[in-house]
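Coordinates as given in query16.tsv (TSV, C-alpha atoms):
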```tsv
chain	number	residue	atom	x	y	z
A	6	MET	CA	0.00	0.00	0.00
A	7	LYS	CA	2.87	2.34	0.72
A	8	ILE	CA	4.16	1.81	-2.77
A	9	LYS	CA	0.78	2.62	-4.29
A	10	ASN	CA	0.50	5.81	-2.20
A	11	ASP	CA	3.99	6.96	-3.01
A	12	PRO	CA	3.82	10.43	-4.56
A	13	VAL	CA	5.70	9.28	-7.66
A	14	TYR	CA	3.16	6.56	-8.39
A	15	VAL	CA	0.25	8.91	-7.66
A	16	ARG	CA	1.59	11.34	-10.24
A	17	ARG	CA	2.05	8.53	-12.75
A	18	ARG	CA	-1.52	7.27	-12.24
A	19	ARG	CA	-2.87	10.79	-12.67
A	20	ALA	CA	-0.90	11.21	-15.89
A	21	VAL	CA	-2.17	7.90	-17.26
A	22	ILE	CA	-5.77	8.83	-16.40
A	23	ALA	CA	-5.37	12.22	-18.09
A	24	VAL	CA	-4.00	10.57	-21.24
A	25	LEU	CA	-6.90	8.09	-21.26
A	26	LEU	CA	-9.44	10.89	-20.90
A	27	VAL	CA	-7.90	12.79	-23.81
A	28	ALA	CA	-7.91	9.62	-25.95
A	29	VAL	CA	-11.58	8.97	-25.14
A	30	LEU	CA	-12.50	12.59	-26.01
A	31	ILE	CA	-10.67	12.35	-29.35
A	32	LEU	CA	-12.40	9.04	-30.11
A	33	VAL	CA	-15.84	10.55	-29.39
A	34	LEU	CA	-15.13	13.50	-31.69
A	35	VAL	CA	-13.92	11.26	-34.51
A	36	ILE	CA	-16.96	9.00	-34.27
A	37	GLY	CA	-19.28	12.03	-34.25
A	38	LYS	CA	-17.59	13.44	-37.34
A	39	LEU	CA	-17.88	10.12	-39.17
A	40	LEU	CA	-21.56	9.83	-38.31
A	41	SER	CA	-22.33	13.39	-39.47
A	42	ASP	CA	-20.55	12.79	-42.77
A	43	ASP	CA	-22.18	9.41	-43.34
A	44	GLY	CA	-25.16	9.77	-45.67
A	45	SER	CA	-26.92	6.91	-43.88
A	46	ALA	CA	-26.58	8.50	-40.44
A	47	GLU	CA	-29.14	10.79	-38.92
A	48	ALA	CA	-28.59	14.36	-40.08
A	49	SER	CA	-27.38	16.95	-37.64
A	50	PRO	CA	-30.15	19.29	-36.42
A	51	THR	CA	-28.29	22.26	-37.91
A	52	ARG	CA	-27.98	20.70	-41.34
A	53	ALA	CA	-30.76	21.40	-43.84
A	54	SER	CA	-32.68	18.31	-44.86
A	55	ALA	CA	-33.88	17.54	-48.38
A	56	THR	CA	-37.38	18.67	-47.43
A	57	ALA	CA	-36.38	21.84	-45.58
A	58	GLU	CA	-37.72	25.20	-46.71
A	59	PRO	CA	-35.36	27.16	-49.00
A	60	GLU	CA	-33.24	29.74	-47.24
A	61	ALA	CA	-32.67	33.25	-48.54
A	62	THR	CA	-29.13	34.54	-49.00
A	63	ALA	CA	-28.80	38.06	-47.60
A	64	PRO	CA	-26.52	40.50	-49.46
A	65	ALA	CA	-23.71	42.30	-47.68
A	66	GLU	CA	-25.18	45.71	-48.53
A	67	VAL	CA	-28.61	47.07	-49.43
A	68	GLU	CA	-29.82	50.42	-50.75
A	69	SER	CA	-32.50	50.69	-48.08
A	70	PRO	CA	-33.49	48.43	-45.20
A	71	ALA	CA	-36.77	46.58	-44.96
A	72	PRO	CA	-39.70	48.22	-43.20
A	73	GLU	CA	-40.75	46.60	-39.95
A	74	ASP	CA	-43.27	43.79	-40.18
A	75	SER	CA	-46.77	44.34	-38.94
A	76	PRO	CA	-47.30	42.96	-35.42
A	77	ASP	CA	-49.78	40.51	-36.99
A	78	ALA	CA	-46.94	38.79	-38.87
A	79	ALA	CA	-46.13	36.43	-36.01
A	80	GLN	CA	-49.70	35.68	-34.91
A	81	GLY	CA	-51.46	32.36	-35.30
A	82	LYS	CA	-50.16	28.83	-35.79
A	83	LYS	CA	-48.00	27.56	-38.64
A	84	ALA	CA	-50.12	26.08	-41.44
A	85	ASP	CA	-49.97	24.98	-45.08
A	86	PRO	CA	-51.53	27.26	-47.73
A	87	ALA	CA	-54.75	25.23	-47.71
A	88	GLU	CA	-55.26	26.15	-44.02
A	89	SER	CA	-53.41	29.45	-43.63
A	90	ASP	CA	-54.74	33.01	-43.86
A	91	LEU	CA	-53.30	35.95	-45.76
A	92	VAL	CA	-52.10	38.67	-43.38
A	93	ARG	CA	-50.72	41.98	-44.63
A	94	VAL	CA	-47.24	42.50	-43.15
A	95	GLN	CA	-45.43	45.14	-45.27
A	96	ARG	CA	-45.93	47.96	-47.77
A	97	LEU	CA	-42.92	48.82	-49.93
A	98	THR	CA	-42.72	52.16	-51.74
A	99	GLY	CA	-40.14	54.33	-53.45
A	100	GLU	CA	-39.08	55.19	-56.96
A	101	MET	CA	-41.00	52.42	-58.68
A	102	THR	CA	-44.06	51.74	-60.85
A	103	PRO	CA	-44.09	47.94	-60.80
A	104	LYS	CA	-45.71	46.19	-63.73
A	105	SER	CA	-44.68	42.75	-62.48
A	106	VAL	CA	-42.96	41.10	-59.54
A	107	VAL	CA	-41.17	37.73	-59.50
A	108	ALA	CA	-39.41	35.85	-56.70
A	109	SER	CA	-36.67	33.26	-57.07
A	110	LYS	CA	-36.34	30.09	-55.01
A	111	LYS	CA	-33.42	31.76	-53.24
A	112	GLY	CA	-35.47	34.67	-51.91
A	113	GLN	CA	-34.52	37.37	-54.40
A	114	VAL	CA	-37.41	39.45	-55.76
A	115	PHE	CA	-37.39	41.51	-58.96
A	116	ALA	CA	-39.98	44.24	-59.65
A	117	GLN	CA	-40.08	45.57	-63.24
A	118	ASN	CA	-40.88	49.28	-63.40
A	119	MET	CA	-42.00	49.62	-67.01
A	120	MET	CA	-41.31	52.65	-69.22
A	121	TYR	CA	-42.18	55.41	-66.79
A	122	THR	CA	-39.46	54.71	-64.26
A	123	HIS	CA	-36.95	52.81	-66.45
A	124	THR	CA	-35.67	50.56	-63.68
A	125	VAL	CA	-35.80	47.14	-62.08
A	126	SER	CA	-36.05	47.14	-58.27
A	127	VAL	CA	-34.34	44.16	-56.63
A	128	PHE	CA	-35.41	43.17	-53.11
A	129	THR	CA	-34.37	40.61	-50.55
A	130	ALA	CA	-36.95	38.28	-49.03
A	131	ASP	CA	-37.31	40.49	-45.94
A	132	GLY	CA	-38.24	43.53	-48.04
A	133	SER	CA	-34.87	45.31	-48.17
A	134	LEU	CA	-34.13	47.11	-51.44
A	135	GLN	CA	-30.95	45.42	-52.63
A	136	LYS	CA	-30.37	47.50	-55.76
A	137	THR	CA	-32.11	49.63	-58.37
A	138	ILE	CA	-30.98	48.60	-61.86
A	139	GLY	CA	-31.32	51.20	-64.60
A	140	ASP	CA	-32.52	50.06	-68.04
A	141	SER	CA	-30.04	52.21	-70.02
A	142	VAL	CA	-27.64	50.22	-72.21
A	143	ASP	CA	-24.96	50.85	-74.81
A	144	LEU	CA	-26.11	48.42	-77.49
A	145	ALA	CA	-22.92	48.95	-79.49
A	146	GLY	CA	-21.03	47.53	-76.53
A	147	PHE	CA	-22.93	44.30	-77.06
A	148	GLY	CA	-22.05	44.22	-80.76
A	149	ILE	CA	-25.36	45.63	-82.00
A	150	GLU	CA	-25.20	48.17	-84.81
A	151	GLY	CA	-27.62	50.93	-85.74
A	152	HIS	CA	-28.24	52.31	-82.23
A	153	PRO	CA	-25.26	54.48	-81.24
A	154	GLY	CA	-25.12	56.10	-77.85
A	155	THR	CA	-27.30	55.16	-74.92
A	156	SER	CA	-30.61	53.37	-75.41
A	157	GLN	CA	-33.31	52.85	-72.80
A	158	GLY	CA	-35.72	49.99	-72.32
A	159	SER	CA	-39.00	49.64	-70.42
A	160	PRO	CA	-38.99	46.56	-68.19
A	161	VAL	CA	-42.32	44.73	-68.21
A	162	GLU	CA	-41.95	41.05	-67.23
A	163	MET	CA	-39.15	38.70	-66.18
A	164	ALA	CA	-38.22	35.10	-65.46
A	165	PHE	CA	-35.47	33.55	-63.37
A	166	SER	CA	-33.35	30.72	-64.67
A	167	PRO	CA	-34.08	27.49	-62.73
A	168	ASP	CA	-30.88	27.93	-60.68
A	169	GLY	CA	-31.72	31.57	-59.89
A	170	GLU	CA	-28.41	32.83	-61.26
A	171	THR	CA	-29.92	34.74	-64.19
A	172	ALA	CA	-32.87	37.10	-64.53
A	173	TRP	CA	-34.36	37.54	-68.02
A	174	VAL	CA	-36.22	40.86	-68.39
A	175	SER	CA	-38.38	41.84	-71.36
A	176	ASN	CA	-38.66	45.46	-72.48
A	177	TYR	CA	-42.01	46.64	-73.81
A	178	SER	CA	-40.27	49.14	-76.09
A	179	MET	CA	-36.82	50.63	-76.69
A	180	TYR	CA	-35.91	54.32	-76.80
A	181	GLY	CA	-32.89	55.83	-78.49
A	182	GLU	CA	-31.12	56.41	-81.78
A	183	GLY	CA	-32.46	54.23	-84.60
A	184	PHE	CA	-35.68	53.13	-82.87
A	185	LEU	CA	-39.16	53.91	-84.19
A	186	PRO	CA	-41.71	55.64	-81.92
A	187	GLU	CA	-42.80	53.81	-78.80
A	188	GLY	CA	-44.62	50.55	-79.30
A	189	LYS	CA	-48.27	50.46	-78.27
A	190	ASP	CA	-50.71	47.72	-77.30
A	191	ALA	CA	-52.82	48.72	-80.32
A	192	CYS	CA	-49.90	47.66	-82.54
A	193	GLU	CA	-50.58	50.54	-84.91
A	194	GLY	CA	-48.56	53.52	-86.06
A	195	PRO	CA	-47.70	55.27	-89.32
A	196	GLU	CA	-44.06	54.26	-89.06
A	197	GLY	CA	-44.50	50.78	-87.63
A	198	ILE	CA	-42.97	49.36	-84.46
A	199	SER	CA	-39.36	48.43	-83.77
A	200	ASN	CA	-38.31	45.11	-82.37
A	201	SER	CA	-37.29	45.22	-78.72
A	202	TYR	CA	-34.70	43.47	-76.54
A	203	LEU	CA	-34.50	40.98	-73.72
A	204	TYR	CA	-31.99	41.80	-70.98
A	205	LYS	CA	-29.89	39.11	-69.30
A	206	ILE	CA	-29.08	40.15	-65.72
A	207	ASP	CA	-26.59	38.39	-63.47
A	208	THR	CA	-28.36	38.03	-60.11
A	209	SER	CA	-25.09	38.18	-58.15
A	210	SER	CA	-23.57	41.32	-59.70
A	211	LEU	CA	-27.00	42.74	-60.63
A	212	GLU	CA	-25.55	43.96	-63.91
A	213	ILE	CA	-26.98	43.64	-67.43
A	214	VAL	CA	-24.57	41.19	-69.04
A	215	ASP	CA	-26.25	40.59	-72.41
A	216	VAL	CA	-29.08	41.82	-74.63
A	217	ILE	CA	-30.99	39.74	-77.18
A	218	GLU	CA	-33.24	41.10	-79.92
A	219	VAL	CA	-36.74	39.59	-79.88
A	220	GLY	CA	-40.02	40.79	-81.46
A	221	ALA	CA	-42.22	43.87	-81.30
A	222	VAL	CA	-43.73	44.74	-77.90
A	223	PRO	CA	-42.53	41.65	-76.02
A	224	LYS	CA	-44.55	40.83	-72.95
A	225	TYR	CA	-44.19	37.62	-70.96
A	226	VAL	CA	-40.97	35.67	-70.38
A	227	ALA	CA	-40.61	32.02	-69.30
A	228	ALA	CA	-37.56	29.82	-68.75
A	229	THR	CA	-37.94	26.11	-69.48
A	230	PRO	CA	-37.57	23.90	-66.37
A	231	ASP	CA	-34.46	22.26	-67.83
A	232	GLY	CA	-32.83	25.68	-68.19
A	233	SER	CA	-32.01	25.23	-71.87
A	234	ARG	CA	-34.35	27.82	-73.38
A	235	VAL	CA	-36.07	31.11	-72.66
A	236	LEU	CA	-39.39	31.98	-74.33
A	237	VAL	CA	-40.78	35.45	-75.05
A	238	SER	CA	-44.30	36.28	-76.24
A	239	ASN	CA	-44.29	39.21	-78.69
A	240	TRP	CA	-47.60	41.08	-78.44
A	241	CYS	CA	-47.42	42.91	-81.77
A	242	SER	CA	-45.32	40.42	-83.76
A	243	MET	CA	-47.88	37.75	-82.79
A	244	ASP	CA	-45.12	35.18	-82.31
A	245	LEU	CA	-42.93	33.37	-79.80
A	246	SER	CA	-39.17	33.96	-79.62
A	247	VAL	CA	-37.23	30.85	-78.58
A	248	ILE	CA	-33.78	31.61	-77.15
A	249	ASP	CA	-31.09	28.99	-76.76
A	250	VAL	CA	-29.44	29.84	-73.43
A	251	GLU	CA	-26.07	28.30	-74.33
A	252	GLN	CA	-25.89	30.12	-77.68
A	253	GLY	CA	-27.34	33.33	-76.23
A	254	ASP	CA	-29.49	34.01	-79.26
A	255	VAL	CA	-32.92	33.45	-80.79
A	256	THR	CA	-32.83	30.11	-82.57
A	257	SER	CA	-36.44	30.12	-83.79
A	258	THR	CA	-39.42	32.44	-84.02
A	259	ILE	CA	-42.75	30.62	-83.99
A	260	PRO	CA	-45.89	32.30	-85.45
A	261	LEU	CA	-48.77	31.60	-83.06
A	262	GLY	CA	-51.66	32.09	-85.46
A	263	GLY	CA	-53.53	34.59	-83.32
A	264	ASP	CA	-53.54	38.07	-81.84
A	265	ASN	CA	-51.69	39.47	-78.85
A	266	PRO	CA	-49.91	36.56	-77.17
A	267	ARG	CA	-49.14	37.11	-73.51
A	268	GLY	CA	-48.92	34.50	-70.72
A	269	ILE	CA	-46.61	31.50	-71.12
A	270	GLU	CA	-46.25	28.27	-69.14
A	271	VAL	CA	-43.96	25.33	-69.88
A	272	SER	CA	-44.61	21.67	-69.09
A	273	PRO	CA	-42.39	20.08	-66.39
A	274	ASP	CA	-40.53	18.05	-69.06
A	275	SER	CA	-39.79	21.27	-71.05
A	276	SER	CA	-41.41	19.86	-74.20
A	277	THR	CA	-44.57	21.97	-74.48
A	278	ALA	CA	-45.27	25.66	-74.08
A	279	TYR	CA	-48.77	26.98	-73.46
A	280	VAL	CA	-49.37	30.54	-74.67
A	281	ALA	CA	-52.45	32.70	-73.99
A	282	LEU	CA	-53.62	34.66	-77.03
A	283	MET	CA	-55.32	37.48	-75.19
A	284	GLY	CA	-56.64	39.15	-78.34
A	285	ASP	CA	-57.97	35.89	-79.77
A	286	ASP	CA	-59.67	34.44	-76.66
A	287	ARG	CA	-57.86	31.11	-76.76
A	288	THR	CA	-54.75	29.37	-75.51
A	289	VAL	CA	-52.46	27.40	-77.82
A	290	ALA	CA	-49.99	24.59	-77.16
A	291	VAL	CA	-46.57	24.71	-78.83
A	292	ASP	CA	-44.33	21.68	-79.40
A	293	LEU	CA	-40.92	23.20	-78.68
A	294	ALA	CA	-39.04	20.49	-80.58
A	295	SER	CA	-40.91	20.84	-83.88
A	296	GLY	CA	-42.44	24.31	-83.51
A	297	ALA	CA	-45.88	22.89	-84.29
A	298	VAL	CA	-48.77	24.90	-82.80
A	299	ASP	CA	-52.04	23.37	-81.65
A	300	GLY	CA	-54.24	26.41	-82.19
A	301	ASP	CA	-57.33	24.75	-80.78
A	302	PHE	CA	-55.87	23.57	-77.49
A	303	THR	CA	-58.41	25.35	-75.27
A	304	VAL	CA	-60.89	28.22	-75.04
A	305	THR	CA	-61.55	29.44	-71.52
A	306	GLY	CA	-63.14	32.88	-71.72
A	307	ASP	CA	-62.80	36.50	-72.75
A	308	GLY	CA	-59.25	37.83	-72.60
A	309	PRO	CA	-57.09	34.95	-71.36
A	310	ARG	CA	-54.04	36.68	-69.90
A	311	HIS	CA	-51.95	34.74	-67.38
A	312	LEU	CA	-51.15	31.03	-67.11
A	313	VAL	CA	-50.00	28.84	-64.22
A	314	LEU	CA	-49.37	25.09	-64.24
A	315	SER	CA	-49.93	22.70	-61.36
A	316	PRO	CA	-46.63	21.24	-60.06
A	317	ASP	CA	-47.29	17.92	-61.81
A	318	GLY	CA	-48.28	19.62	-65.07
A	319	THR	CA	-51.71	18.00	-65.26
A	320	HIS	CA	-53.74	21.20	-64.88
A	321	LEU	CA	-53.36	24.65	-66.43
A	322	TYR	CA	-54.94	27.67	-64.76
A	323	VAL	CA	-55.97	30.69	-66.86
A	324	THR	CA	-57.08	34.18	-65.80
A	325	ASN	CA	-59.87	35.49	-68.05
A	326	ASN	CA	-59.38	39.24	-67.76
A	327	ASN	CA	-62.72	40.36	-69.19
A	328	ASP	CA	-64.85	37.66	-67.55
A	329	GLY	CA	-63.57	38.03	-63.99
A	330	THR	CA	-62.85	34.32	-63.76
A	331	VAL	CA	-60.11	31.73	-63.49
A	332	SER	CA	-60.43	28.48	-65.47
A	333	GLU	CA	-58.86	25.10	-64.77
A	334	VAL	CA	-57.86	23.12	-67.86
A	335	ASP	CA	-56.92	19.44	-68.19
A	336	THR	CA	-53.61	19.55	-70.09
A	337	ALA	CA	-54.14	16.06	-71.51
A	338	THR	CA	-57.38	17.03	-73.29
A	339	GLY	CA	-57.63	20.84	-73.24
A	340	GLU	CA	-61.01	20.48	-71.52
A	341	VAL	CA	-62.12	23.18	-69.08
A	342	THR	CA	-62.85	21.26	-65.89
A	343	ARG	CA	-63.75	24.04	-63.41
A	344	VAL	CA	-64.31	27.81	-63.33
A	345	VAL	CA	-64.29	30.19	-60.35
A	346	GLU	CA	-65.35	33.84	-60.18
A	347	VAL	CA	-62.74	36.09	-58.57
A	348	GLY	CA	-62.92	39.86	-59.19
A	349	ASN	CA	-62.95	42.50	-61.92
A	350	GLN	CA	-60.11	42.18	-64.41
A	351	PRO	CA	-58.02	39.38	-62.93
A	352	ARG	CA	-54.57	40.00	-64.34
A	353	SER	CA	-51.73	37.89	-62.95
A	354	MET	CA	-51.66	34.99	-60.51
A	355	ALA	CA	-49.21	32.89	-58.56
A	356	MET	CA	-49.36	29.42	-57.02
A	357	SER	CA	-48.07	28.10	-53.71
A	358	PRO	CA	-45.20	25.61	-54.17
A	359	ASP	CA	-47.40	22.71	-53.06
A	360	GLY	CA	-50.05	23.58	-55.64
A	361	GLY	CA	-52.70	24.02	-52.95
A	362	ALA	CA	-53.51	27.71	-53.46
A	363	LEU	CA	-53.77	30.27	-56.25
A	364	TYR	CA	-53.34	34.00	-55.63
A	365	VAL	CA	-55.14	36.17	-58.20
A	366	VAL	CA	-54.87	39.97	-58.40
A	367	ASN	CA	-58.01	41.82	-59.53
A	368	TYR	CA	-56.91	45.01	-61.26
A	369	SER	CA	-60.13	47.06	-61.14
A	370	ASP	CA	-61.17	45.97	-57.64
A	371	ALA	CA	-57.82	46.59	-55.93
A	372	THR	CA	-58.05	43.14	-54.35
A	373	MET	CA	-56.39	39.75	-54.37
A	374	SER	CA	-58.34	36.50	-54.25
A	375	LYS	CA	-57.01	33.30	-52.70
A	376	VAL	CA	-58.40	30.20	-54.40
A	377	LEU	CA	-57.91	26.68	-53.06
A	378	THR	CA	-57.29	24.24	-55.90
A	379	GLU	CA	-58.89	21.32	-54.06
A	380	ASP	CA	-62.45	22.67	-54.10
A	381	PHE	CA	-61.79	25.61	-56.49
A	382	GLU	CA	-63.42	28.22	-54.32
A	383	VAL	CA	-62.34	31.68	-53.18
A	384	VAL	CA	-61.56	31.37	-49.48
A	385	GLN	CA	-60.21	34.88	-48.88
A	386	THR	CA	-60.21	38.28	-50.58
A	387	VAL	CA	-57.82	40.96	-49.33
A	388	LYS	CA	-57.43	44.63	-50.20
A	389	THR	CA	-54.37	45.86	-52.06
A	390	ASP	CA	-53.36	49.29	-53.30
A	391	PRO	CA	-54.98	50.53	-56.54
A	392	HIS	CA	-54.32	48.60	-59.75
A	393	PRO	CA	-52.70	45.37	-58.55
A	394	ILE	CA	-51.13	43.88	-61.66
A	395	GLY	CA	-48.34	41.49	-60.63
A	396	VAL	CA	-48.08	38.80	-57.96
A	397	THR	CA	-45.52	36.23	-56.84
A	398	TYR	CA	-45.01	33.70	-54.05
A	399	GLU	CA	-41.73	34.13	-52.16
A	400	PRO	CA	-40.89	30.67	-50.77
A	401	THR	CA	-38.19	31.37	-48.17
A	402	LYS	CA	-40.55	33.42	-45.98
A	403	GLU	CA	-43.81	32.00	-47.38
A	404	ARG	CA	-45.11	35.39	-48.43
A	405	VAL	CA	-47.14	36.73	-51.34
A	406	TRP	CA	-45.94	39.94	-52.98
A	407	VAL	CA	-48.42	42.11	-54.93
A	408	ALA	CA	-47.17	44.75	-57.39
A	409	ASN	CA	-49.50	47.75	-57.67
A	410	TYR	CA	-49.05	49.82	-60.81
A	411	GLY	CA	-49.48	53.09	-58.91
A	412	GLY	CA	-46.12	52.64	-57.18
A	413	SER	CA	-46.15	50.14	-54.32
A	414	ILE	CA	-45.75	46.51	-53.36
A	415	ILE	CA	-47.93	44.97	-50.66
A	416	VAL	CA	-46.54	41.88	-48.91
A	417	PHE	CA	-48.81	39.29	-47.28
A	418	ASP	CA	-47.74	36.46	-45.02
A	419	ASP	CA	-49.48	33.16	-45.82
A	420	SER	CA	-47.79	30.76	-43.43
A	421	ARG	CA	-50.13	30.88	-40.40
A	422	THR	CA	-53.70	30.78	-39.32
A	423	ALA	CA	-55.25	34.13	-38.48
A	424	GLY	CA	-54.98	35.40	-34.92
```
Could you show the structure in this file as structure tokens?
Amino acid sequence: MKIKNDPVYVRRRRAVIAVLLVAVLILVLVIGKLLSDDGSAEASPTRASATAEPEATAPAEVESPAPEDSPDAAQGKKADPAESDLVRVQRLTGEMTPKSVVASKKGQVFAQNMMYTHTVSVFTADGSLQKTIGDSVDLAGFGIEGHPGTSQGSPVEMAFSPDGETAWVSNYSMYGEGFLPEGKDACEGPEGISNSYLYKIDTSSLEIVDVIEVGAVPKYVAATPDGSRVLVSNWCSMDLSVIDVEQGDVTSTIPLGGDNPRGIEVSPDSSTAYVALMGDDRTVAVDLASGAVDGDFTVTGDGPRHLVLSPDGTHLYVTNNNDGTVSEVDTATGEVTRVVEVGNQPRSMAMSPDGGALYVVNYSDATMSKVLTEDFEVVQTVKTDPHPIGVTYEPTKERVWVANYGGSIIVFDDSRTAG
């Protein structure tokens, strides 16, 4: 016993114990690291799962911070769109006249300010103004002849590439040397109408990095789900510009056989484009491989304007601007399966990512209708500012943004039950 209690041996035992404790700690850390890296192991609570909601990436700097949310923003219980209630949480204003508003999966939101303001306003998901992009370009710098000096556009609609790295913005008309007088919806004028341009904007630098000539008075823009093509409906050329993304140019122009094409949707397999002919009261289906147009695909009502597809591509939803309705169409047959009345002059609409709800802005009523796709009924109507014309669903915060042509954006939360 004296040997065991000798100070030398005590120190040795303590040293051995300390070494063993360190070894055990290292072993625990190594095993934990292996388990967290193993795809078959349970994911760490801090690691996003495959089904987690997308997360917005905040920029280092913004032009102006977001306004504070309404106190109602955090009320109620979390719920899916079929059970949640729209609650107004923000009103964004400034130097803008938004004609459309579109959110990416990453939480970046673009508002196109048409010809009167000549800008695109870029927001973060929380409502901060990230940057105001001017529409002035030096076309000669992009290798385009005949338009020396600075030209201006008039941003009207846009589409994100599937990866969110590119924003494609159509310009209703161009202004500058070598351009004819401003294009008009009437598509008439003694001198005719010039073709316009599509802007390619890098969503990281927020710079215009390319311009592509399309048709006269281009309106809607859609990117195919596979990211290979961008489509533009030309209101006065009555055709569809098909842009090969890799080549960076129009590879085909498809006559649509009707007046004033506007809304575009593309099937999940990127093979078929649906285009609303607003001036012809019908919607056509375009085979993007052959360019063949099914001119009798469907007739839904007076003034079909905007199109949205269900996530599985089996149903197409159409706003009928002059009828005050939204129609549901079976994409396999073109048959109108259901119709719901919303408000006066329904312009644009958006869909929740799960396909459970449609959000329809009613231009003349200054309202937005929420329609559940399961029973196809309006479950909520909320007030907006005058002339709501664009709408988008921002997925990272589960909010609906409404662009009002008079100069504001109203943001609604749709992630909770009321109260």
Shell of 7 Å around Val142 (chain A), all atoms listed in the file, local chain residues under 4 positions omitted, as a ChimeraX atom specification:
/A:155-157
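Straight-line separation from CA of Tyr368 (chain A) to CA of Phe115 (chain A): 20.0 Å.
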Region 177-184 of chain A surroundings by all atoms listed in the file, 8 Å radius, close-in-sequence under 5 positions cut, as a PyMOL selection string:
chain A and resi 119-120+151-161+199-202+221-224
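The smallest atom-to-atom distance between His123 (chain A) and any of A:Asn327, A:Ser257, A:Asn176, A:Ser105, using all atoms listed in the file, is found for A:Asn176.
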Separating CA of Ala108 (chain A) from CA of Arg93 (chain A), to the nearest tenth of an Å, is a gap of 17.6 Å
Neighbouring residues of region 251-253 of chain A were defined as those with any atom within 9 Å, considering only C-alpha atoms; residues of the same chain fewer than 2 positions away were excluded. Please report them as a ChimeraX atom specification.
/A:215-217,233-234,248-249,255-256
Please provide the set of residues having any atom within 10 Å of Asp231 (chain A), restricted to all atoms listed in the file, with same-chain residues fewer than 3 positions apart removed, written as a PyMOL selection string.
chain A and resi 166-168+228+234+273-276
Enter the distance from CA of Met101 (chain A) to CA of Ala172 (chain A), in Å, rounded to one decimal.
18.3 Å
Of the candidates A:Ser69, A:Asn409, A:Ser89, A:Gln385, which one gets nearest to Ala371 (chain A) if we count all atoms listed in the file?
A:Asn409
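Shortest atom-to-atom contact with Arg96 (chain A) among A:Ser353, A:Ser413, A:Ser295, A:Thr303: A:Ser413, counting all atoms listed in the file.
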Where atoms are absent from region 181-193 of chain A, fill them in so it carries N, CA and C atoms, then output it as a PDB file, keeping the file's coordinate frame.
```pdb
ATOM      1  N   GLY A 181     -34.246  55.427 -78.163  1.00  0.00           N
ATOM      2  CA  GLY A 181     -32.890  55.830 -78.490  1.00  0.00           C
ATOM      3  C   GLY A 181     -32.697  55.964 -79.982  1.00  0.00           C
ATOM      4  N   GLU A 182     -31.466  56.215 -80.370  1.00  0.00           N
ATOM      5  CA  GLU A 182     -31.120  56.410 -81.780  1.00  0.00           C
ATOM      6  C   GLU A 182     -31.442  55.149 -82.588  1.00  0.00           C
ATOM      7  N   GLY A 183     -32.169  55.348 -83.694  1.00  0.00           N
ATOM      8  CA  GLY A 183     -32.460  54.230 -84.600  1.00  0.00           C
ATOM      9  C   GLY A 183     -33.718  53.458 -84.279  1.00  0.00           C
ATOM     10  N   PHE A 184     -34.423  53.814 -83.214  1.00  0.00           N
ATOM     11  CA  PHE A 184     -35.680  53.130 -82.870  1.00  0.00           C
ATOM     12  C   PHE A 184     -36.875  53.957 -83.337  1.00  0.00           C
ATOM     13  N   LEU A 185     -37.916  53.259 -83.803  1.00  0.00           N
ATOM     14  CA  LEU A 185     -39.160  53.910 -84.190  1.00  0.00           C
ATOM     15  C   LEU A 185     -39.895  54.369 -82.934  1.00  0.00           C
ATOM     16  N   PRO A 186     -40.969  55.173 -83.101  1.00  0.00           N
ATOM     17  CA  PRO A 186     -41.710  55.640 -81.920  1.00  0.00           C
ATOM     18  C   PRO A 186     -42.176  54.473 -81.053  1.00  0.00           C
ATOM     19  N   GLU A 187     -42.446  54.802 -79.812  1.00  0.00           N
ATOM     20  CA  GLU A 187     -42.800  53.810 -78.800  1.00  0.00           C
ATOM     21  C   GLU A 187     -43.868  52.829 -79.269  1.00  0.00           C
ATOM     22  N   GLY A 188     -43.632  51.565 -78.989  1.00  0.00           N
ATOM     23  CA  GLY A 188     -44.620  50.550 -79.300  1.00  0.00           C
ATOM     24  C   GLY A 188     -45.866  50.725 -78.438  1.00  0.00           C
ATOM     25  N   LYS A 189     -47.002  50.338 -78.981  1.00  0.00           N
ATOM     26  CA  LYS A 189     -48.270  50.460 -78.270  1.00  0.00           C
ATOM     27  C   LYS A 189     -49.015  49.134 -78.304  1.00  0.00           C
ATOM     28  N   ASP A 190     -49.909  48.942 -77.325  1.00  0.00           N
ATOM     29  CA  ASP A 190     -50.710  47.720 -77.300  1.00  0.00           C
ATOM     30  C   ASP A 190     -51.599  47.603 -78.533  1.00  0.00           C
ATOM     31  N   ALA A 191     -51.973  48.750 -79.122  1.00  0.00           N
ATOM     32  CA  ALA A 191     -52.820  48.720 -80.320  1.00  0.00           C
ATOM     33  C   ALA A 191     -52.063  48.206 -81.535  1.00  0.00           C
ATOM     34  N   CYS A 192     -50.739  48.176 -81.448  1.00  0.00           N
ATOM     35  CA  CYS A 192     -49.900  47.660 -82.540  1.00  0.00           C
ATOM     36  C   CYS A 192     -50.116  48.422 -83.839  1.00  0.00           C
ATOM     37  N   GLU A 193     -50.366  49.710 -83.729  1.00  0.00           N
ATOM     38  CA  GLU A 193     -50.580  50.540 -84.910  1.00  0.00           C
ATOM     39  C   GLU A 193     -49.687  51.768 -84.834  1.00  0.00           C
TER      40      GLU A 193
END
```
